[in-house]
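Worksheet for the structure shown next.
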Amino acid sequence: MATRKVTLSLDEAAWSFAEQAAARAGMSPSAWISKAARREAVRTGVGSVVDVAAEAAADEAELAAAEEAMRAQG
């Protein structure tokens with residue numbers, strides 16, 4: 001999946017929650033926030049439901065890559 005580098009401003013609590021949730025999921029905070037944003041967009045009707053299967057597959061691939069990177073770091 002293509003990525004785009006952006007700058008976001010989050011309040012301290014939101015960032016802390018994202019970091020903790022990402023760590024529990026074995027993901028980077030950036031990957032976790034991306035996944036959460038896609039999920040919320042679909043939930044609120046902004047994202048296309050048709051794309052859910054493709055997004056889920058991309059999420060799984062992204063998670064697998066993150067887990068592999070973490071294993072490689074020790």
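How things are named: the first chain in the structure tokens is A, the next is B, and so on; residues count from 1 in each chain; ligands count from 1 in the order shown.
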Can you pull out the residues contacting Arg4 of chain A? Cut-off 12 Å, using only C-alpha atoms, and skip same-chain residues under 2 positions away; I want them as a PyMOL selection string. chain A and resi 1-2+6-7+30-31+34
List every residue of chain A that DSSP, applied to the backbone of this structure, assigns to helix (DSSP H, G or I), and report them as a PyMOL selection string. chain A and resi 12-25+29-43+49-73
Could you tell me which of A:Ala21, A:Ala14, A:Asp59, A:Gly26 comes closest to Arg39 of chain A if we count only C-alpha atoms?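 Answer, going by the shortest atom-to-atom distance: A:Asp59.
Among A:Ala41, A:Ala69, A:Ala61, A:Ile33, the residue with the shortest atom-to-atom distance to Ala18 of chain A, counting only C-alpha atoms, is A:Ile33.
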So how far away is atom CA of Thr44 of chain A from atom CA of Gln20 of chain A, in Å?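 Calculated distance between atom CA of Gln20 of chain A and atom CA of Thr44 of chain A is 24.3 Å.
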State, in Å with one decimal place, the distance from atom CA of Ser16 of chain A to atom CA of Ala57 of chain A.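 Atom-to-atom, atom CA of Ser16 of chain A and atom CA of Ala57 of chain A are spaced 26.8 Å apart.
Proximity to Ala65 of chain A was assessed for A:Ser9, A:Thr3, A:Val42, A:Ser28 counting only C-alpha atoms; the smallest distance is recorded for A:Ser28.
Interatomic distance, atom CA of Arg24 of chain A to atom CA of Gly45 of chain A: 27.5 Å.
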Env of Met70 of chain A: 12 Å cut, atoms = only C-alpha atoms, seq-sep filter 2 positions within chain, self excluded. Answer as a list in words. Ala23, Ala25, Gly26, Met27, Ser28, Leu63, Ala64, Ala65, Ala66, Glu67, Glu68, Ala72, Gln73 and Gly74 of chain A
Output all heavy atoms for every residue in that selection, as an mmCIF file, in the first residue's frame.
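For reference, again-v1.cif as written:
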data_model
loop_
_atom_site.group_PDB
_atom_site.id
_atom_site.type_symbol
_atom_site.label_atom_id
_atom_site.label_comp_id
_atom_site.auth_asym_id
_atom_site.auth_seq_id
_atom_site.Cartn_x
_atom_site.Cartn_y
_atom_site.Cartn_z
ATOM 1 N N ALA A 23 1.791 -0.450 20.379
ATOM 2 C CA ALA A 23 2.737 -1.391 20.987
ATOM 3 C C ALA A 23 2.064 -2.732 21.255
ATOM 4 O O ALA A 23 2.638 -3.792 20.982
ATOM 5 C CB ALA A 23 3.306 -0.812 22.273
ATOM 6 N N ALA A 25 -0.389 -3.969 19.666
ATOM 7 C CA ALA A 25 -0.692 -4.604 18.380
ATOM 8 C C ALA A 25 0.575 -4.986 17.613
ATOM 9 O O ALA A 25 0.492 -5.590 16.549
ATOM 10 C CB ALA A 25 -1.549 -3.668 17.524
ATOM 11 N N GLY A 26 1.740 -4.614 18.142
ATOM 12 C CA GLY A 26 2.991 -4.914 17.461
ATOM 13 C C GLY A 26 3.182 -4.084 16.202
ATOM 14 O O GLY A 26 3.765 -4.551 15.234
ATOM 15 N N MET A 27 2.656 -2.863 16.236
ATOM 16 C CA MET A 27 2.720 -1.976 15.080
ATOM 17 C C MET A 27 3.400 -0.673 15.469
ATOM 18 O O MET A 27 3.502 -0.357 16.646
ATOM 19 C CB MET A 27 1.300 -1.630 14.598
ATOM 20 C CG MET A 27 0.401 -2.794 14.319
ATOM 21 S SD MET A 27 -1.304 -2.280 14.042
ATOM 22 C CE MET A 27 -1.185 -1.673 12.378
ATOM 23 N N SER A 28 3.781 0.090 14.469
ATOM 24 C CA SER A 28 4.263 1.444 14.743
ATOM 25 C C SER A 28 3.049 2.316 15.032
ATOM 26 O O SER A 28 1.940 2.024 14.565
ATOM 27 C CB SER A 28 5.016 1.992 13.531
ATOM 28 O OG SER A 28 4.106 2.243 12.465
ATOM 29 N N LEU A 63 0.850 -5.296 9.103
ATOM 30 C CA LEU A 63 1.107 -5.841 10.427
ATOM 31 C C LEU A 63 2.209 -6.895 10.367
ATOM 32 O O LEU A 63 3.116 -6.905 11.202
ATOM 33 C CB LEU A 63 -0.173 -6.440 11.021
ATOM 34 C CG LEU A 63 -0.050 -7.066 12.394
ATOM 35 C CD1 LEU A 63 0.490 -6.072 13.410
ATOM 36 C CD2 LEU A 63 -1.400 -7.606 12.847
ATOM 37 N N ALA A 64 2.164 -7.762 9.371
ATOM 38 C CA ALA A 64 3.194 -8.785 9.226
ATOM 39 C C ALA A 64 4.565 -8.147 9.019
ATOM 40 O O ALA A 64 5.563 -8.597 9.599
ATOM 41 C CB ALA A 64 2.856 -9.721 8.063
ATOM 42 N N ALA A 65 4.622 -7.100 8.211
ATOM 43 C CA ALA A 65 5.894 -6.406 7.975
ATOM 44 C C ALA A 65 6.400 -5.750 9.254
ATOM 45 O O ALA A 65 7.600 -5.791 9.555
ATOM 46 C CB ALA A 65 5.737 -5.371 6.869
ATOM 47 N N ALA A 66 5.496 -5.150 10.031
ATOM 48 C CA ALA A 66 5.886 -4.518 11.298
ATOM 49 C C ALA A 66 6.410 -5.549 12.281
ATOM 50 O O ALA A 66 7.409 -5.327 12.960
ATOM 51 C CB ALA A 66 4.709 -3.761 11.901
ATOM 52 N N GLU A 67 5.727 -6.687 12.352
ATOM 53 C CA GLU A 67 6.169 -7.747 13.266
ATOM 54 C C GLU A 67 7.539 -8.270 12.858
ATOM 55 O O GLU A 67 8.397 -8.516 13.706
ATOM 56 C CB GLU A 67 5.146 -8.869 13.295
ATOM 57 C CG GLU A 67 3.863 -8.482 14.012
ATOM 58 C CD GLU A 67 2.772 -9.519 13.871
ATOM 59 O OE1 GLU A 67 2.860 -10.399 12.982
ATOM 60 O OE2 GLU A 67 1.815 -9.440 14.657
ATOM 61 N N GLU A 68 7.759 -8.439 11.551
ATOM 62 C CA GLU A 68 9.054 -8.908 11.068
ATOM 63 C C GLU A 68 10.157 -7.907 11.387
ATOM 64 O O GLU A 68 11.240 -8.274 11.823
ATOM 65 C CB GLU A 68 8.990 -9.158 9.563
ATOM 66 C CG GLU A 68 10.280 -9.680 8.963
ATOM 67 C CD GLU A 68 10.716 -11.019 9.547
ATOM 68 O OE1 GLU A 68 9.858 -11.832 9.910
ATOM 69 O OE2 GLU A 68 11.946 -11.243 9.630
ATOM 70 N N ALA A 72 13.415 -8.526 13.773
ATOM 71 C CA ALA A 72 14.768 -8.290 13.258
ATOM 72 C C ALA A 72 15.570 -7.380 14.193
ATOM 73 O O ALA A 72 16.785 -7.500 14.290
ATOM 74 C CB ALA A 72 14.690 -7.673 11.864
ATOM 75 N N GLN A 73 14.863 -6.474 14.892
ATOM 76 C CA GLN A 73 15.545 -5.570 15.822
ATOM 77 C C GLN A 73 15.871 -6.244 17.145
ATOM 78 O O GLN A 73 16.664 -5.732 17.920
ATOM 79 C CB GLN A 73 14.674 -4.336 16.083
ATOM 80 C CG GLN A 73 14.548 -3.440 14.890
ATOM 81 C CD GLN A 73 13.642 -2.260 15.149
ATOM 82 O OE1 GLN A 73 13.118 -2.101 16.238
ATOM 83 N NE2 GLN A 73 13.440 -1.441 14.139
ATOM 84 N N GLY A 74 15.263 -7.386 17.358
ATOM 85 C CA GLY A 74 15.558 -8.129 18.586
ATOM 86 C C GLY A 74 14.578 -7.909 19.604
ATOM 87 O O GLY A 74 14.337 -7.710 20.616
#
